[in-house]
Every structure is written in C-alpha cells, then in structure tokens.
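The file target-v3.csv comes next; it holds CSV, C-alpha atoms.
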```csv
chain,number,residue,atom,x,y,z
L,1480,MET,CA,0.0,0.0,0.0
L,1481,ASP,CA,1.3,3.5,-0.9
L,1482,LEU,CA,2.0,5.9,1.9
L,1483,ILE,CA,0.0,8.5,0.0
L,1484,PRO,CA,-2.1,7.3,-2.9
L,1485,GLY,CA,-0.8,8.5,-6.3
L,1486,LEU,CA,2.7,9.5,-5.0
L,1487,PRO,CA,5.9,7.4,-5.0
L,1488,ASN,CA,6.7,6.4,-1.4
L,1489,GLU,CA,10.0,8.3,-1.6
L,1490,ILE,CA,8.1,11.6,-2.2
L,1491,ALA,CA,5.4,10.7,0.3
L,1492,LEU,CA,8.1,10.1,3.0
L,1493,GLU,CA,9.5,13.5,2.2
L,1494,CYS,CA,6.1,15.0,2.9
L,1495,LEU,CA,5.8,13.1,6.2
L,1496,ILE,CA,9.2,14.2,7.6
L,1497,ARG,CA,8.1,17.8,7.1
L,1498,LEU,CA,5.1,17.6,9.4
L,1499,PRO,CA,5.2,19.8,12.5
L,1500,VAL,CA,6.4,18.0,15.6
L,1501,ASP,CA,3.1,18.4,17.4
L,1502,GLN,CA,1.3,16.6,14.6
L,1503,PHE,CA,3.3,13.4,14.6
L,1504,SER,CA,1.1,11.6,17.0
L,1505,LYS,CA,-2.0,12.4,14.9
L,1506,ALA,CA,-0.3,11.4,11.7
L,1507,ALA,CA,0.8,8.1,13.3
L,1508,SER,CA,-2.8,7.3,14.1
L,1509,VAL,CA,-4.0,7.7,10.5
L,1510,CYS,CA,-3.0,4.2,9.4
L,1511,LYS,CA,-0.6,1.4,10.2
L,1512,LYS,CA,1.6,2.2,7.3
L,1513,TRP,CA,2.2,5.8,8.5
L,1514,ASN,CA,2.6,4.7,12.1
L,1515,GLY,CA,5.2,2.1,11.0
L,1516,GLU,CA,7.2,4.8,9.2
L,1517,ILE,CA,6.9,7.6,11.7
L,1518,THR,CA,8.0,5.4,14.7
L,1519,LEU,CA,11.1,4.0,13.0
L,1520,PRO,CA,14.4,5.4,14.3
L,1521,GLU,CA,15.3,6.0,10.6
L,1522,PHE,CA,12.5,8.6,10.4
L,1523,ARG,CA,14.1,10.9,13.0
L,1524,ARG,CA,17.6,10.3,11.4
L,1525,ARG,CA,16.1,11.3,8.0
L,1526,ARG,CA,14.6,14.5,9.5
L,1527,LYS,CA,17.9,15.3,11.1
L,1528,VAL,CA,19.9,14.8,7.9
L,1529,SER,CA,17.4,17.0,6.0
L,1530,GLY,CA,17.8,19.7,8.6
L,1531,LEU,CA,14.2,19.4,9.7
L,1532,THR,CA,14.7,18.5,13.4
L,1533,ARG,CA,13.9,21.3,16.0
L,1534,THR,CA,15.2,21.8,19.4
L,1535,VAL,CA,12.6,22.1,22.2
L,1536,LEU,CA,13.0,22.8,25.9
L,1537,ALA,CA,11.2,20.5,28.3
L,1538,MET,CA,10.9,21.7,31.9
L,1539,VAL,CA,9.6,20.4,35.2
L,1540,GLN,CA,7.6,23.5,36.0
L,1541,SER,CA,5.1,24.4,38.8
L,1542,MET,CA,1.5,25.3,38.0
L,1543,VAL,CA,0.6,29.0,38.4
L,1544,ALA,CA,-2.6,29.8,40.3
L,1545,THR,CA,-4.6,33.0,40.8
L,1546,VAL,CA,-5.8,34.1,44.2
L,1547,LYS,CA,-8.0,37.0,45.2
L,1548,LYS,CA,-6.8,39.2,48.0
L,1549,PRO,CA,-9.2,40.6,50.6
L,1550,GLU,CA,-9.1,44.0,49.1
L,1551,GLY,CA,-10.3,42.6,45.8
L,1552,ASP,CA,-7.0,42.5,43.9
L,1553,THR,CA,-5.7,39.3,42.3
L,1554,ALA,CA,-2.3,37.8,42.6
L,1555,LEU,CA,-0.4,35.0,40.9
L,1556,PHE,CA,1.7,32.5,42.6
L,1557,SER,CA,3.5,29.2,41.9
L,1558,THR,CA,1.8,26.1,43.3
L,1559,GLN,CA,3.5,23.0,44.6
L,1560,VAL,CA,2.1,20.9,41.7
L,1561,TYR,CA,4.6,20.3,38.9
L,1562,ARG,CA,3.9,19.3,35.3
L,1563,LEU,CA,6.0,19.0,32.1
L,1564,SER,CA,5.9,22.1,30.0
L,1565,VAL,CA,7.5,22.4,26.6
L,1566,CYS,CA,8.8,25.5,24.8
L,1567,ASP,CA,9.6,25.7,21.1
L,1568,PRO,CA,12.2,28.6,21.0
L,1569,GLU,CA,11.9,28.9,17.3
L,1570,ASN,CA,8.3,30.2,17.3
L,1571,GLY,CA,7.9,31.0,21.0
L,1572,SER,CA,5.0,28.5,21.5
L,1573,TRP,CA,4.4,26.7,24.8
L,1574,TYR,CA,2.3,23.6,25.7
L,1575,ASP,CA,1.9,21.0,28.3
L,1576,LEU,CA,2.7,17.3,27.8
L,1577,PRO,CA,-0.1,14.9,28.8
L,1578,PRO,CA,0.2,13.8,32.5
L,1579,ILE,CA,1.8,10.4,33.2
L,1580,PRO,CA,-1.1,8.0,33.5
L,1581,GLU,CA,0.1,6.7,36.9
L,1582,LEU,CA,0.8,10.2,38.2
L,1583,ILE,CA,-2.2,12.3,37.1
L,1584,ASP,CA,-1.9,14.6,40.2
L,1585,GLY,CA,1.5,15.9,39.4
L,1586,LEU,CA,5.1,14.9,38.8
L,1587,PRO,CA,7.3,13.5,41.6
L,1588,ARG,CA,9.0,16.2,43.5
L,1589,PHE,CA,12.7,16.6,42.7
L,1590,CYS,CA,12.5,14.2,39.8
L,1591,ARG,CA,15.0,14.4,36.9
L,1592,ILE,CA,14.2,14.6,33.2
L,1593,VAL,CA,16.5,13.7,30.3
L,1594,GLY,CA,16.1,13.9,26.6
L,1595,VAL,CA,17.2,10.9,24.6
L,1596,GLY,CA,16.5,11.0,20.9
L,1597,SER,CA,12.7,11.5,20.6
L,1598,ASP,CA,12.1,10.3,24.1
L,1599,LEU,CA,11.8,12.4,27.3
L,1600,VAL,CA,12.7,10.3,30.3
L,1601,VAL,CA,11.4,11.0,33.9
L,1602,ILE,CA,13.5,9.4,36.6
L,1603,GLY,CA,13.0,9.2,40.4
L,1604,GLY,CA,11.9,11.9,42.7
L,1605,CYS,CA,9.5,11.8,45.7
L,1606,ASP,CA,5.8,11.1,45.8
L,1607,PRO,CA,4.1,14.5,46.1
L,1608,ASP,CA,1.7,13.3,48.7
L,1609,THR,CA,3.7,10.8,50.9
L,1610,TRP,CA,7.3,12.0,50.1
L,1611,ARG,CA,8.2,8.4,49.5
L,1612,VAL,CA,11.4,8.2,47.4
L,1613,MET,CA,10.5,6.7,44.0
L,1614,ASP,CA,12.7,4.6,41.6
L,1615,CYS,CA,10.2,4.8,38.8
L,1616,VAL,CA,11.1,5.5,35.1
L,1617,PHE,CA,8.6,7.0,32.7
L,1618,ILE,CA,9.3,7.6,29.0
L,1619,TYR,CA,7.3,10.0,26.8
L,1620,ASN,CA,7.8,9.6,23.0
L,1621,PHE,CA,7.3,12.8,21.1
L,1622,ILE,CA,6.6,10.9,17.8
L,1623,SER,CA,3.8,8.6,19.2
L,1624,GLY,CA,2.6,11.2,21.7
L,1625,SER,CA,2.4,8.4,24.4
L,1626,TRP,CA,3.9,7.3,27.7
L,1627,ARG,CA,5.5,4.0,28.5
L,1628,ARG,CA,7.0,2.6,31.7
L,1629,GLY,CA,10.7,1.9,31.8
L,1630,ALA,CA,12.6,-0.5,34.1
L,1631,ASP,CA,12.9,0.9,37.6
L,1632,MET,CA,16.2,2.4,38.7
L,1633,PRO,CA,17.9,-0.5,40.6
L,1634,GLY,CA,19.8,-0.4,44.0
L,1635,GLN,CA,19.1,1.5,47.1
L,1636,GLN,CA,16.9,4.6,47.3
L,1637,ARG,CA,18.5,7.6,45.6
L,1638,SER,CA,17.6,11.3,45.7
L,1639,PHE,CA,19.2,14.5,44.5
L,1640,PHE,CA,21.4,12.6,42.0
L,1641,GLY,CA,23.0,13.9,38.9
L,1642,CYS,CA,21.6,12.8,35.5
L,1643,ALA,CA,22.5,13.3,31.9
L,1644,SER,CA,22.3,11.6,28.5
L,1645,ASP,CA,24.5,11.2,25.4
L,1646,SER,CA,21.4,12.4,23.4
L,1647,ASP,CA,21.3,9.0,21.5
L,1648,ARG,CA,20.3,6.2,23.8
L,1649,MET,CA,22.3,6.2,27.1
L,1650,ILE,CA,21.5,7.9,30.4
L,1651,VAL,CA,23.9,8.1,33.4
L,1652,VAL,CA,22.8,8.6,37.0
L,1653,ALA,CA,25.4,9.4,39.6
L,1654,GLY,CA,25.7,10.4,43.2
L,1655,GLY,CA,22.9,11.7,45.3
L,1656,HIS,CA,22.0,10.5,48.8
L,1657,ASP,CA,20.3,7.4,50.2
L,1658,ASP,CA,17.3,7.2,52.6
L,1659,GLU,CA,19.5,8.1,55.5
L,1660,LYS,CA,21.0,11.2,53.9
L,1661,ASN,CA,24.3,9.5,53.2
L,1662,ALA,CA,26.0,10.8,50.1
L,1663,MET,CA,26.6,8.2,47.4
L,1664,LYS,CA,29.5,7.4,45.1
L,1665,SER,CA,27.7,4.8,43.0
L,1666,ALA,CA,26.7,5.4,39.4
L,1667,LEU,CA,24.4,3.7,36.9
L,1668,SER,CA,23.8,3.7,33.2
L,1669,TYR,CA,20.4,3.1,31.5
L,1670,ASP,CA,20.0,2.0,27.9
L,1671,VAL,CA,16.6,3.5,26.8
L,1672,VAL,CA,16.4,1.3,23.7
L,1673,LYS,CA,17.1,-2.0,25.5
L,1674,ASP,CA,15.3,-0.8,28.7
L,1675,GLU,CA,18.3,-2.1,30.8
L,1676,TRP,CA,20.3,-0.7,33.7
L,1677,ILE,CA,24.1,-1.3,34.1
L,1678,THR,CA,26.0,-0.7,37.3
L,1679,LEU,CA,29.1,1.5,36.7
L,1680,PRO,CA,32.2,1.4,38.9
L,1681,ASP,CA,32.0,3.6,42.0
L,1682,MET,CA,33.3,7.1,41.7
L,1683,VAL,CA,36.4,8.2,43.8
L,1684,MET,CA,34.3,10.4,46.0
L,1685,GLU,CA,30.7,10.6,47.4
L,1686,ARG,CA,28.8,13.3,45.6
L,1687,ASP,CA,25.4,14.6,46.7
L,1688,GLU,CA,23.7,17.2,44.5
L,1689,CYS,CA,26.3,16.8,41.8
L,1690,LYS,CA,25.9,17.7,38.1
L,1691,VAL,CA,26.4,15.2,35.3
L,1692,VAL,CA,27.5,16.5,31.9
L,1693,PHE,CA,28.6,14.9,28.7
L,1694,HIS,CA,31.4,17.2,27.7
L,1695,LYS,CA,33.5,16.7,24.6
L,1696,GLY,CA,32.1,13.2,24.4
L,1697,LYS,CA,33.2,12.3,27.9
L,1698,LEU,CA,31.1,11.7,31.0
L,1699,HIS,CA,31.8,14.3,33.7
L,1700,VAL,CA,30.4,14.3,37.2
L,1701,ILE,CA,30.9,17.8,38.6
L,1702,GLY,CA,31.0,19.1,42.2
L,1703,GLY,CA,28.6,17.8,44.8
L,1704,TYR,CA,29.6,17.1,48.4
L,1705,PRO,CA,30.3,14.1,50.7
L,1706,THR,CA,28.1,13.2,53.7
L,1707,TRP,CA,30.2,15.0,56.3
L,1708,ALA,CA,30.2,18.3,54.3
L,1709,GLN,CA,26.4,18.6,54.1
L,1710,GLY,CA,25.9,21.4,51.5
L,1711,HIS,CA,29.5,22.6,51.3
L,1712,PHE,CA,30.2,21.9,47.6
L,1713,GLU,CA,33.5,20.6,46.3
L,1714,ASN,CA,35.0,22.2,43.2
L,1715,ASP,CA,36.5,19.1,41.6
L,1716,ALA,CA,35.1,16.7,39.0
L,1717,GLU,CA,35.4,13.1,38.0
L,1718,VAL,CA,35.7,11.9,34.3
L,1719,PHE,CA,34.8,8.4,33.3
L,1720,ASP,CA,37.3,6.6,31.0
L,1721,THR,CA,35.4,4.1,28.9
L,1722,ALA,CA,38.7,2.5,27.9
L,1723,THR,CA,39.9,1.6,31.4
L,1724,TRP,CA,36.4,1.6,32.9
L,1725,GLN,CA,37.7,3.9,35.7
L,1726,TRP,CA,37.1,7.3,37.1
L,1727,ARG,CA,39.7,10.1,36.9
L,1728,LEU,CA,39.7,12.9,39.4
L,1729,GLU,CA,40.2,16.5,38.1
L,1730,ASP,CA,41.0,18.9,40.9
L,1731,ASP,CA,39.9,22.5,40.9
L,1732,PHE,CA,37.5,21.9,38.0
L,1733,LEU,CA,35.2,24.7,39.0
L,1734,SER,CA,37.9,27.1,40.2
L,1735,VAL,CA,35.7,28.3,43.1
L,1736,ILE,CA,34.7,26.5,46.3
L,1737,ASN,CA,31.2,26.0,47.8
L,1738,THR,CA,29.3,26.7,44.5
L,1739,SER,CA,26.5,24.5,43.4
L,1740,PRO,CA,27.1,23.1,39.9
L,1741,HIS,CA,23.4,22.8,39.0
L,1742,SER,CA,23.6,25.4,36.2
L,1743,CYS,CA,26.8,23.9,34.6
L,1744,ILE,CA,26.0,22.9,31.0
L,1745,GLU,CA,27.7,22.3,27.7
L,1746,GLY,CA,26.9,24.8,25.0
L,1747,ASP,CA,26.4,24.2,21.3
L,1748,ASP,CA,30.1,25.2,20.8
L,1749,GLY,CA,31.4,22.5,23.1
L,1750,ARG,CA,32.3,24.9,25.9
L,1751,LEU,CA,31.0,24.7,29.5
L,1752,TYR,CA,28.9,27.5,30.9
L,1753,MET,CA,27.8,28.2,34.4
L,1754,CYS,CA,26.1,30.8,36.7
L,1755,ARG,CA,28.5,32.0,39.4
L,1756,GLY,CA,27.5,34.7,41.7
L,1757,GLY,CA,26.0,37.5,39.6
L,1758,ASP,CA,27.7,36.4,36.4
L,1759,VAL,CA,27.6,33.7,33.7
L,1760,ALA,CA,31.1,32.2,33.2
L,1761,VAL,CA,32.5,30.2,30.3
L,1762,LYS,CA,35.3,27.6,30.8
L,1763,GLU,CA,38.3,28.5,28.6
L,1764,ASP,CA,40.5,25.6,29.5
L,1765,PRO,CA,41.8,25.4,32.1
L,1766,THR,CA,40.2,28.6,33.6
L,1767,TRP,CA,36.7,30.1,33.8
L,1768,GLN,CA,36.2,33.6,32.4
L,1769,LYS,CA,33.2,36.0,32.9
L,1770,LEU,CA,31.0,36.0,29.8
L,1771,ALA,CA,28.2,38.3,31.0
L,1772,GLY,CA,26.3,39.5,34.0
L,1773,LEU,CA,23.0,38.0,34.9
L,1774,PRO,CA,19.9,39.8,33.4
L,1775,ALA,CA,19.1,43.0,35.3
L,1776,GLY,CA,17.1,42.3,38.5
L,1777,ILE,CA,17.7,38.5,38.5
L,1778,THR,CA,19.1,37.2,41.8
L,1779,SER,CA,18.0,33.6,41.7
L,1780,VAL,CA,18.7,31.3,38.7
L,1781,ALA,CA,16.5,28.1,38.5
L,1782,TYR,CA,17.7,26.8,35.2
L,1783,LEU,CA,20.3,27.4,32.5
L,1784,THR,CA,20.6,25.6,29.1
L,1785,ALA,CA,22.0,26.2,25.7
L,1786,CYS,CA,19.9,26.1,22.5
L,1787,GLN,CA,20.5,27.1,18.9
L,1788,GLY,CA,23.5,29.2,19.7
L,1789,LYS,CA,21.9,30.9,22.7
L,1790,LEU,CA,21.9,30.6,26.4
L,1791,ILE,CA,18.4,30.3,27.9
L,1792,LEU,CA,18.1,31.3,31.6
L,1793,VAL,CA,15.1,31.0,33.9
L,1794,GLY,CA,15.2,33.1,37.0
L,1795,ARG,CA,13.5,35.7,39.2
L,1796,GLY,CA,14.3,38.7,41.3
L,1797,GLN,CA,14.5,38.7,45.1
L,1798,PHE,CA,10.9,39.7,45.7
L,1799,ASP,CA,9.3,38.2,42.6
L,1800,GLU,CA,6.8,35.3,42.8
L,1801,LEU,CA,6.9,34.3,39.2
L,1802,TYR,CA,9.9,33.4,37.0
L,1803,SER,CA,11.1,35.1,33.8
L,1804,ILE,CA,13.0,33.7,30.8
L,1805,TYR,CA,15.9,35.4,29.1
L,1806,ALA,CA,18.0,34.5,26.0
L,1807,LEU,CA,21.7,35.5,25.4
L,1808,ASP,CA,23.0,35.2,21.8
L,1809,LEU,CA,26.5,33.8,22.0
L,1810,ASP,CA,27.6,35.4,18.8
L,1811,VAL,CA,30.1,38.2,19.5
L,1812,GLU,CA,29.4,41.7,18.3
L,1813,SER,CA,31.9,43.4,15.9
L,1814,ASP,CA,33.4,45.3,18.8
L,1815,GLY,CA,34.1,42.0,20.6
L,1816,LYS,CA,31.4,42.3,23.2
L,1817,VAL,CA,28.8,39.7,23.8
L,1818,LYS,CA,25.2,40.7,23.1
L,1819,LYS,CA,22.8,41.6,25.9
L,1820,TRP,CA,20.1,39.4,27.4
L,1821,THR,CA,16.7,39.6,25.8
L,1822,LYS,CA,13.6,38.8,27.7
L,1823,VAL,CA,11.4,36.1,26.2
L,1824,GLU,CA,7.8,36.9,26.4
L,1825,THR,CA,6.0,34.2,28.4
L,1826,SER,CA,2.4,34.0,29.5
L,1827,ASP,CA,1.8,33.8,33.3
L,1828,GLU,CA,0.7,30.2,32.8
L,1829,TYR,CA,4.3,29.3,32.1
L,1830,SER,CA,6.0,31.5,34.7
L,1831,GLY,CA,6.1,29.0,37.5
L,1832,HIS,CA,9.2,27.7,39.2
L,1833,VAL,CA,11.4,25.5,37.0
L,1834,HIS,CA,12.9,22.6,39.0
L,1835,TYR,CA,14.7,20.8,36.2
L,1836,GLY,CA,14.9,20.9,32.4
L,1837,CYS,CA,16.5,19.5,29.3
L,1838,CYS,CA,16.7,19.9,25.6
L,1839,LEU,CA,15.6,17.5,22.9
L,1840,GLU,CA,16.2,17.6,19.1
L,1841,ILE,CA,13.1,16.1,17.6
```

Rewritten as structure tokens:
Amino acid sequence: MDLIPGLPNEIALECLIRLPVDQFSKAASVCKKWNGEITLPEFRRRRKVSGLTRTVLAMVQSMVATVKKPEGDTALFSTQVYRLSVCDPENGSWYDLPPIPELIDGLPRFCRIVGVGSDLVVIGGCDPDTWRVMDCVFIYNFISGSWRRGADMPGQQRSFFGCASDSDRMIVVAGGHDDEKNAMKSALSYDVVKDEWITLPDMVMERDECKVVFHKGKLHVIGGYPTWAQGHFENDAEVFDTATWQWRLEDDFLSVINTSPHSCIEGDDGRLYMCRGGDVAVKEDPTWQKLAGLPAGITSVAYLTACQGKLILVGRGQFDELYSIYALDLDVESDGKVKKWTKVETSDEYSGHVHYGCCLEI
C-alpha cells in the first residue's frame, strides 16, 4: 500500500518528515503504514539529515494559580504541583505534555528529566503526597505522543542525584544520597532502547547534589559534596574513562569553592557555561572567564541551558513570585562584546518555578 495514494513512497516520505512536531502523533494514528514509518528510528535520522529537526526545551515546572486578595485585587503564585511544559524557542510556543497516567496529580518532587532521541525520560523523585522516594522511570515519546513505563532504577533509594544523556540512547545517573541522607559514590547507566540498567564502577568520592554533563564526548560528574560536608560543595570533578572503565579525578575543575554546579551545561560550541554569583562564566580551559552578568534584576537562577547558539536562563528577582525567561545570543558583536540578554515573552501560565529541564532535538 502506498504511503500517499498517487505518490511514490519516496516523495510521500519527504512529505511526512516535514510535518510539525506536534502533529506526529496524529499522523501516526492515520493508518498502520504511517505509524510504522513515523515510529522507526530511521524517520528521525532522515529528518535530522534533512535539517528538519527542531530543538525544544522541556521543563519540570510548577503550575501557576490565581488568588483573590481581601481588598479585591488578584495575585499570581507558583503552586506545589509540577507538570511538564515544553517550549519551542523557534516560534515561541508553549504547551503541556499529557500527564503520566500513573501520576495524574503531578510529577514526583525533585525528579530528573533527560532527553534521549525523541524520548523524554522522567526518573526518580519523591511522591508529592507521601514524600516516599521513588525509583520509577517513565518515558514519553514525542513521535507517538504516548507514555510507557521503563525499568525501575535499581539499587538503594537515591535522591538528588546527577543525571544526563548522550542524546542518543544512554543515560547516566550518579551520586545523590540514600534514605539516611548518606552521600553516594555509585553510578548507573540506562539504555533506553534495551530498557536495561548497568552498574558502573563507584566514583572516587561521594557526591550529593552533583551535576552530570557529557562534555566533549566524555562523561563528567561535577561538584557535589560528601556526607560530612552537608551542603559545602566541592570544586573538583570526575571523568569516566570508557577504555579503562575507571574514574579520573580532576582537581579545581570549577575554580571556586562551595558553589552549586546545578547550572553547569555544555553549549552548542562544546564549551562549558555556568552561573557563578552574579555572572555567567565560560570555561576557557583550564580557567573560567566571565561572559556576561545576569539579566538585570535577576538574583536567583532556577535553570540554564544552551539552545541554537543561545543561552536560555530561567530566573527571578529577590521579591518576585513568578519566573522570567531570558536569552543571550552567544555570537560576539563586531566590537568583541557579547550581546545583551533579551527577555522572552512568556504568559503567566508558564512563569512558574522550574525545578529541572533538558533539551531535545526532535
């Protein structure tokens, strides 16, 4: 059966790969033939080769509610109910992903999300009602528009761990703390395609609240702190050598002490960026250099990422209830100065607190 009656299948496939991302699930439901083509890994690869993939931002974001004050005025505030919101930076559109069928009342608190191919993976967190630590894995596929359950994260309970992916099929979970608040040095790898977990060798050090980043093709676990330090962040990092299957310690990786690495990310140019104090810094090996100050009025940064040659920052001022989004073009002006932050217009509905986020190319 032809994909589209009257057209050669090659031409019909060229039509399908040009559908908007949010229409894939509808197209996949038209017929078995379309569903078979759209859900193949080759379909995404063909879109990527043709330059048709688009980068979207997925965020664990709190709902925003409206309350009426006694004097009759209304005010907006972030609730404690979190959902998955998606932003398409190319056209500025926002939308919510459907809730996880098993968690219709909201996402687990402090869960992690990771983009792997066309999949968005939700890992761990705490039950929003009982605060029970969860080891669940839920996977949303942007092509089919549906959720599936992944294999549970093995081992002892783990919270506040670092998590990242190679953007292809592998996810790494490292550090965090157990149910007795003991920092952990163990690490795991999850193959999304095979739905299998693999235990990696223990890191050299315990690392609670660490940041995991794939940098220049290598796995880096940055910062965090051991049990005895309780919130006093280390400034070193560990790099995993796949050839020797061992971790290598890199001292003074962050150059500053007692700084949370949660905003440390790799940009499209392969360099590392991070918010430090009132600035955004870039790692020019082996040192960090100031790139730009934070947007005017921003004192708290919830999330930083890189997308399409820009840094995207979510933050708020000291007395603000809602969060704002800013973009910084990394192209340098003719006089050598970096361009200034531009505020991204966002409706109040998508101005809630952002706990975690990731980018996907779909």

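Using only C-alpha atoms, the residues found no farther than 12 Å from Pro1774 of chain L, other than those of its own chain fewer than 5 positions away, are L:Cys1754, L:Gly1757, L:Asp1758, L:Val1759, L:Ser1779, L:Val1780, L:Leu1790, L:Ile1791, L:Leu1792, L:Val1793, L:Gly1794, L:Arg1795, L:Gly1796, L:Ser1803, L:Ile1804, L:Tyr1805, L:Ala1806, L:Leu1807, L:Lys1818, L:Lys1819, L:Trp1820, L:Thr1821, L:Lys1822, L:Val1823.
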
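Here atom CA of Leu1783 of chain L is placed at a distance of 21.5 Å from atom CA of Asp1647 of chain L.
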
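Taking only C-alpha atoms, the non-local environment of Phe1798 of chain L within 10 Å (same-chain residues fewer than 3 positions away omitted) comprises L:Gly1776, L:Ile1777, L:Thr1778, L:Arg1795, L:Leu1801.
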
Report task. May I have the residues within 6 Å of segment 1497-1514 of chain L as a PyMOL selection string, using all atoms listed in the file and disregarding those fewer than 2 positions away in the same chain? Result -> chain L and resi 1494-1495+1516-1517+1622-1624

Report task. Determine, counting all atoms listed in the file, every residue of protein, DNA or RNA that lies within 9 Å of (31.4, 33.6, 27.6) in the file coordinates, then give the result as a ChimeraX atom specification. Result -> /L:1750,1752,1759-1763,1767-1771,1809,1817

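Going from atom CA of Glu1688 of chain L to atom CA of Gly1703 of chain L covers 4.9 Å.
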
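The two atoms in question, atom CA of Asp1747 of chain L and atom CA of Thr1784 of chain L, are spaced 9.8 Å apart.
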
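Checking L:Asn1620, L:Pro1578, L:Ser1597, L:Glu1717 one by one against Arg1526 of chain L, counting all atoms listed in the file, you find the shortest gap at L:Ser1597.
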
List as an mmCIF file with C-alpha atoms, keeping the file's coordinate frame the residues having at least one atom at most 10 Å from position (12.3, 10.5, 21.7) as given in the file, counting all atoms listed in the file.
```cif
data_model
loop_
_atom_site.group_PDB
_atom_site.id
_atom_site.type_symbol
_atom_site.label_atom_id
_atom_site.label_comp_id
_atom_site.auth_asym_id
_atom_site.auth_seq_id
_atom_site.Cartn_x
_atom_site.Cartn_y
_atom_site.Cartn_z
ATOM 1 C CA THR L 1518 8.000 5.400 14.700
ATOM 2 C CA PRO L 1520 14.400 5.400 14.300
ATOM 3 C CA ARG L 1523 14.100 10.900 13.000
ATOM 4 C CA GLY L 1594 16.100 13.900 26.600
ATOM 5 C CA VAL L 1595 17.200 10.900 24.600
ATOM 6 C CA GLY L 1596 16.500 11.000 20.900
ATOM 7 C CA SER L 1597 12.700 11.500 20.600
ATOM 8 C CA ASP L 1598 12.100 10.300 24.100
ATOM 9 C CA LEU L 1599 11.800 12.400 27.300
ATOM 10 C CA VAL L 1600 12.700 10.300 30.300
ATOM 11 C CA ILE L 1618 9.300 7.600 29.000
ATOM 12 C CA TYR L 1619 7.300 10.000 26.800
ATOM 13 C CA ASN L 1620 7.800 9.600 23.000
ATOM 14 C CA PHE L 1621 7.300 12.800 21.100
ATOM 15 C CA ILE L 1622 6.600 10.900 17.800
ATOM 16 C CA SER L 1623 3.800 8.600 19.200
ATOM 17 C CA GLY L 1624 2.600 11.200 21.700
ATOM 18 C CA SER L 1646 21.400 12.400 23.400
ATOM 19 C CA ASP L 1647 21.300 9.000 21.500
ATOM 20 C CA ARG L 1648 20.300 6.200 23.800
ATOM 21 C CA VAL L 1671 16.600 3.500 26.800
ATOM 22 C CA LEU L 1839 15.600 17.500 22.900
ATOM 23 C CA GLU L 1840 16.200 17.600 19.100
ATOM 24 C CA ILE L 1841 13.100 16.100 17.600
#
```
